[in-house]
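Below is one structure, written out as structure tokens, with a few remarks after it.
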Amino acid sequence: MTPRTLRFYRERKLLPPPRREGRIAWYDDHHLARLRTITALLARGHTLGGIADLMTAFEKGRDDRAAAELLGLDSSFTTPFSEETPVRLTPEELAAYFGDEEITAENLAASLDIGYVAVEGDGFVHASRRLLEASAQLVDKGIPLADVLAAGRELRSQTDTIAATFARLFRSHLLPRVDTTDPAAVTDLLERVGPLSKAVVEAELGLALDRRVRAELEEWLRGEGGEGTP
């Protein structure tokens with residue numbers, strides 16, 4: 001990236017100023033993360049002006065609805081499925097979760113691309129406290145963060161397919177029974193069927209884990225998946 005582009009981003013309030021020592025400008029990992037966020041949003045079709053407004057909204061602490069309005073995503077309908085709580089983190093707090101050696105530029109870029117984290121001022125916002133803590137525990141038990149993130153990317157695609165299955169069922173069989181011009185009626189319907197869809201997914205996932213993990217254990221014990229015996 002050219003110095004001219006960096007100056008342009010700073011002038012548009014997209015990028016905080018670098019640390020200066022004389023005529024030398026120092027850019028750090030925070031700037032890199034912000035640049036990757038800008039690049040990802042541009043690739044999704046957002047304008048620089050819209051990106052600047054979004055980042056300003058985050059920095060001023062507006063709620064998620066305001067940010068959605070800025071991106072043209074606001075809707076009178078509420079989808080009450082996610083129960084995740086975002087977590088604001090300083091760079092030091094993020095490193096404390098995973099260890100300094102795991103917070104590499106590559107892992108940070110992957111987290112931004114998946115949508116786990118977003119840049120907010122000089123810190124970050126993780127989309128889900130449950131995902132954050134579960135990921136940290138997996139890393140603590142010996143799984144590299146890069147592999148945890150790769151699994152997260154794969155799961156994002158697979159769970160989107162699962163969600164599409166339920167969305168088709170809702171649209172085909174449930175939405176025709178309510179007045180879709182009444183957002184409250186639609187939201188009430190989704191609130192009632194949401195726990196049922198989650199229960200089906202949780203049950204199927206538990207059964208699948210039993211099948212697949214048992215098969216892996218049996219293969220490993222036969223010596224086909226590893227060396228030695230437990």
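Chain identifiers are assigned as A, B, and so on, following the order in which chains appear in the structure tokens; residues are numbered from 1 within each chain, and ligands are numbered from 1 in order of appearance.
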Neighbour list for Arg12 (chain A) as a PyMOL selection string, cut-off 12 Å, only C-alpha atoms, skip fewer than 3 positions in-chain: chain A and resi 5-9+15-17+38+47-53+55-56
Neighbour list for Ala163 (chain A) as a compact mmCIF listing (two decimals) with N, CA, C and O atoms, in the first residue's frame, cut-off 10 Å, only C-alpha atoms, skip fewer than 4 positions in-chain:
```
# COMPACT_ATOMS: atom_id res chain seq x y z
N SER A 157 -19.62 -21.92 7.39
CA SER A 157 -20.25 -22.34 6.14
C SER A 157 -21.29 -23.43 6.38
O SER A 157 -22.40 -23.39 5.83
N GLN A 158 -20.96 -24.39 7.23
CA GLN A 158 -21.88 -25.50 7.48
C GLN A 158 -23.12 -25.05 8.24
O GLN A 158 -24.24 -25.49 7.95
N THR A 159 -22.93 -24.20 9.24
CA THR A 159 -24.09 -23.73 10.00
C THR A 159 -24.96 -22.80 9.17
O THR A 159 -26.18 -22.74 9.39
N ALA A 167 -34.71 -21.79 7.53
CA ALA A 167 -35.33 -20.60 6.93
C ALA A 167 -36.32 -21.00 5.85
O ALA A 167 -37.40 -20.39 5.73
N ARG A 168 -35.99 -22.03 5.07
CA ARG A 168 -36.92 -22.50 4.04
C ARG A 168 -38.18 -23.08 4.67
O ARG A 168 -39.29 -22.87 4.17
N LEU A 169 -38.00 -23.84 5.75
CA LEU A 169 -39.17 -24.39 6.44
C LEU A 169 -40.08 -23.28 6.98
O LEU A 169 -41.30 -23.33 6.85
N SER A 197 -35.89 -25.06 16.82
CA SER A 197 -34.86 -25.29 15.80
C SER A 197 -33.50 -25.51 16.46
O SER A 197 -32.73 -26.38 16.04
N LYS A 198 -33.21 -24.76 17.51
CA LYS A 198 -31.94 -24.94 18.20
C LYS A 198 -31.87 -26.31 18.87
O LYS A 198 -30.80 -26.95 18.89
N VAL A 201 -30.98 -28.92 16.26
CA VAL A 201 -29.56 -28.85 15.87
C VAL A 201 -28.67 -29.39 16.98
O VAL A 201 -27.73 -30.16 16.72
```
Selected residue, from A:Arg212, A:Arg10, A:Arg34, A:His46, that lies nearest to Gly123 (chain A) when counting only C-alpha atoms: A:Arg34
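Proximity to Glu133 (chain A) was assessed for A:Glu84, A:Glu101, A:Gly115, A:Arg23 counting only C-alpha atoms; the smallest distance is recorded for A:Glu84.
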